[in-house]
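What follows is the content of start10.cif, which has mmCIF, C-alpha atoms:
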```cif
data_coords
loop_
_atom_site.group_PDB
_atom_site.id
_atom_site.type_symbol
_atom_site.label_atom_id
_atom_site.label_comp_id
_atom_site.auth_asym_id
_atom_site.auth_seq_id
_atom_site.Cartn_x
_atom_site.Cartn_y
_atom_site.Cartn_z
ATOM 1 C CA MET A 1 -50.831 -115.610 -75.692
ATOM 2 C CA LYS A 2 -53.893 -113.389 -75.928
ATOM 3 C CA TYR A 3 -53.574 -109.659 -76.595
ATOM 4 C CA THR A 4 -56.250 -107.034 -76.106
ATOM 5 C CA LEU A 5 -56.381 -103.643 -77.732
ATOM 6 C CA PRO A 6 -56.865 -100.421 -75.736
ATOM 7 C CA LEU A 7 -60.415 -99.147 -75.375
ATOM 8 C CA GLU A 8 -59.646 -95.926 -77.227
ATOM 9 C CA ALA A 9 -56.802 -94.135 -78.966
ATOM 10 C CA ALA A 10 -54.138 -92.403 -76.931
ATOM 11 C CA PRO A 11 -54.555 -88.638 -76.335
ATOM 12 C CA LYS A 12 -53.022 -86.447 -79.039
ATOM 13 C CA ASN A 13 -51.404 -83.957 -76.664
ATOM 14 C CA HIS A 14 -48.188 -86.016 -76.258
ATOM 15 C CA GLY A 15 -48.132 -85.284 -72.528
ATOM 16 C CA ASN A 16 -48.156 -81.496 -72.941
ATOM 17 C CA THR A 17 -50.387 -80.777 -69.977
ATOM 18 C CA LYS A 18 -50.234 -78.082 -67.322
ATOM 19 C CA ALA A 19 -49.419 -80.647 -64.640
ATOM 20 C CA ALA A 20 -46.535 -82.040 -66.708
ATOM 21 C CA TRP A 21 -45.077 -78.594 -67.316
ATOM 22 C CA VAL A 22 -45.282 -77.676 -63.627
ATOM 23 C CA LEU A 23 -43.521 -80.914 -62.732
ATOM 24 C CA THR A 24 -40.817 -80.473 -65.372
ATOM 25 C CA LEU A 25 -40.028 -76.858 -64.534
ATOM 26 C CA GLY A 26 -40.238 -77.457 -60.764
ATOM 27 C CA VAL A 27 -37.868 -80.419 -60.832
ATOM 28 C CA LEU A 28 -35.505 -78.567 -63.162
ATOM 29 C CA LEU A 29 -35.418 -75.556 -60.838
ATOM 30 C CA GLY A 30 -35.023 -77.748 -57.748
ATOM 31 C CA ALA A 31 -32.218 -79.768 -59.331
ATOM 32 C CA THR A 32 -30.414 -76.567 -60.310
ATOM 33 C CA VAL A 33 -30.659 -75.164 -56.790
ATOM 34 C CA LEU A 34 -29.599 -78.516 -55.340
ATOM 35 C CA GLY A 35 -26.617 -78.716 -57.705
ATOM 36 C CA VAL A 36 -25.450 -75.209 -56.847
ATOM 37 C CA GLY A 37 -25.823 -76.027 -53.166
ATOM 38 C CA MET A 38 -23.714 -79.146 -53.592
ATOM 39 C CA ALA A 39 -21.065 -77.283 -55.599
ATOM 40 C CA ILE A 40 -20.588 -74.637 -52.925
ATOM 41 C CA ALA A 41 -21.216 -77.036 -50.008
ATOM 42 C CA HIS A 42 -24.169 -75.082 -48.637
ATOM 43 C CA ILE A 43 -26.520 -77.369 -46.681
ATOM 44 C CA ALA A 44 -29.455 -74.934 -46.566
ATOM 45 C CA LEU A 45 -29.354 -74.517 -50.346
ATOM 46 C CA GLN A 46 -29.295 -78.292 -50.805
ATOM 47 C CA PHE A 47 -32.373 -78.743 -48.633
ATOM 48 C CA THR A 48 -34.089 -75.885 -50.456
ATOM 49 C CA GLY A 49 -33.488 -77.684 -53.759
ATOM 50 C CA LEU A 50 -34.876 -80.918 -52.331
ATOM 51 C CA ALA A 51 -37.899 -79.069 -50.966
ATOM 52 C CA LEU A 52 -38.545 -77.526 -54.395
ATOM 53 C CA ILE A 53 -38.490 -80.968 -56.014
ATOM 54 C CA VAL A 54 -40.896 -82.424 -53.441
ATOM 55 C CA ALA A 55 -43.175 -79.381 -53.770
ATOM 56 C CA ALA A 56 -43.212 -79.731 -57.568
ATOM 57 C CA LEU A 57 -44.185 -83.391 -57.232
ATOM 58 C CA ALA A 58 -46.999 -82.574 -54.815
ATOM 59 C CA VAL A 59 -48.360 -79.641 -56.823
ATOM 60 C CA SER A 60 -48.238 -81.579 -60.084
ATOM 61 C CA TYR A 61 -50.025 -84.555 -58.523
ATOM 62 C CA GLY A 62 -52.704 -82.226 -57.144
ATOM 63 C CA MET A 63 -53.135 -80.666 -60.579
ATOM 64 C CA ARG A 64 -53.469 -84.123 -62.118
ATOM 65 C CA LEU A 65 -56.165 -85.034 -59.617
ATOM 66 C CA ASN A 66 -58.017 -81.832 -60.548
ATOM 67 C CA GLY A 67 -58.089 -82.775 -64.227
ATOM 68 C CA MET A 68 -55.133 -80.787 -65.520
ATOM 69 C CA GLY A 69 -53.071 -83.870 -66.396
ATOM 70 C CA GLN A 70 -53.186 -86.650 -68.931
ATOM 71 C CA PRO A 71 -56.685 -88.153 -69.195
ATOM 72 C CA VAL A 72 -56.933 -91.738 -67.987
ATOM 73 C CA PRO A 73 -59.519 -93.884 -69.778
ATOM 74 C CA GLN A 74 -61.869 -95.799 -67.525
ATOM 75 C CA ARG A 75 -61.615 -99.561 -67.756
ATOM 76 C CA THR A 76 -64.880 -101.404 -67.963
ATOM 77 C CA GLU A 77 -63.689 -105.001 -67.861
ATOM 78 C CA ASP A 78 -62.308 -106.809 -64.854
ATOM 79 C CA TRP A 79 -58.556 -106.272 -65.094
ATOM 80 C CA TYR A 80 -57.793 -109.101 -62.709
ATOM 81 C CA GLN A 81 -59.122 -111.846 -64.954
ATOM 82 C CA ALA A 82 -56.921 -112.497 -67.932
#
```
Could the structure of this file be written out as structure tokens, please?
Amino acid sequence: MKYTLPLEAAPKNHGNTKAAWVLTLGVLLGATVLGVGMAIAHIALQFTGLALIVAALAVSYGMRLNGMGQPVPQRTEDWYQA
């Protein structure tokens, strides 16, 4: 079996990016609202929690696309050929 090393070292920020923090806090808030809504059987609160989670995913993905997430090294070789 043939192994290849990565092109460069991994980033030293351990995932502490703005996009990661927005995702973490947004999902945490949405899950809390969703859990409270489930505990008191309030449908509107449950959907609000779900909407917060989906919004956090979308905002975090948009931030990642704008360069506020983990850097992704560009591959130069053809990944399809092993």
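Residues matched by the PyMOL selection byres ((chain A and resi 27) around 8) in this file: A:Leu23, A:Thr24, A:Leu25, A:Gly26, A:Leu28, A:Leu29, A:Gly30, A:Ala31, A:Leu52, A:Ile53, A:Ala56, A:Leu57.
Near Ala10 in chain A, within a cut-off of 12 Å and counting all atoms listed in the file, sit the residues Leu5, Pro6, His14, Gly15, Gln70, Pro71, Val72 and Pro73 of chain A, with same-chain residues fewer than 4 positions away left out.
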### Query
To one decimal place, how far is CA of Gly35 in chain A from CA of Thr17 in chain A in Å?
26.8 Å
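The coordinates place CA of Ala19 in chain A at 8.3 Å from CA of Gly62 in chain A.
Rounded to one decimal, CA of Ile40 in chain A and CA of Ala58 in chain A lie 27.6 Å from each other.
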### Among listed residues A:Gln74, A:Tyr61, A:Val33, A:Ala41, nearest Glu8 in chain A (using all atoms listed in the file)
A:Gln74
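The neighbours of Leu45 in chain A here are the residues that come within 9 Å of it, using all atoms listed in the file and leaving out any residue fewer than 5 positions away in the same chain; they are A:Val33, A:Leu34, A:Gly35, A:Val36, A:Gly37, A:Met38, A:Leu50.
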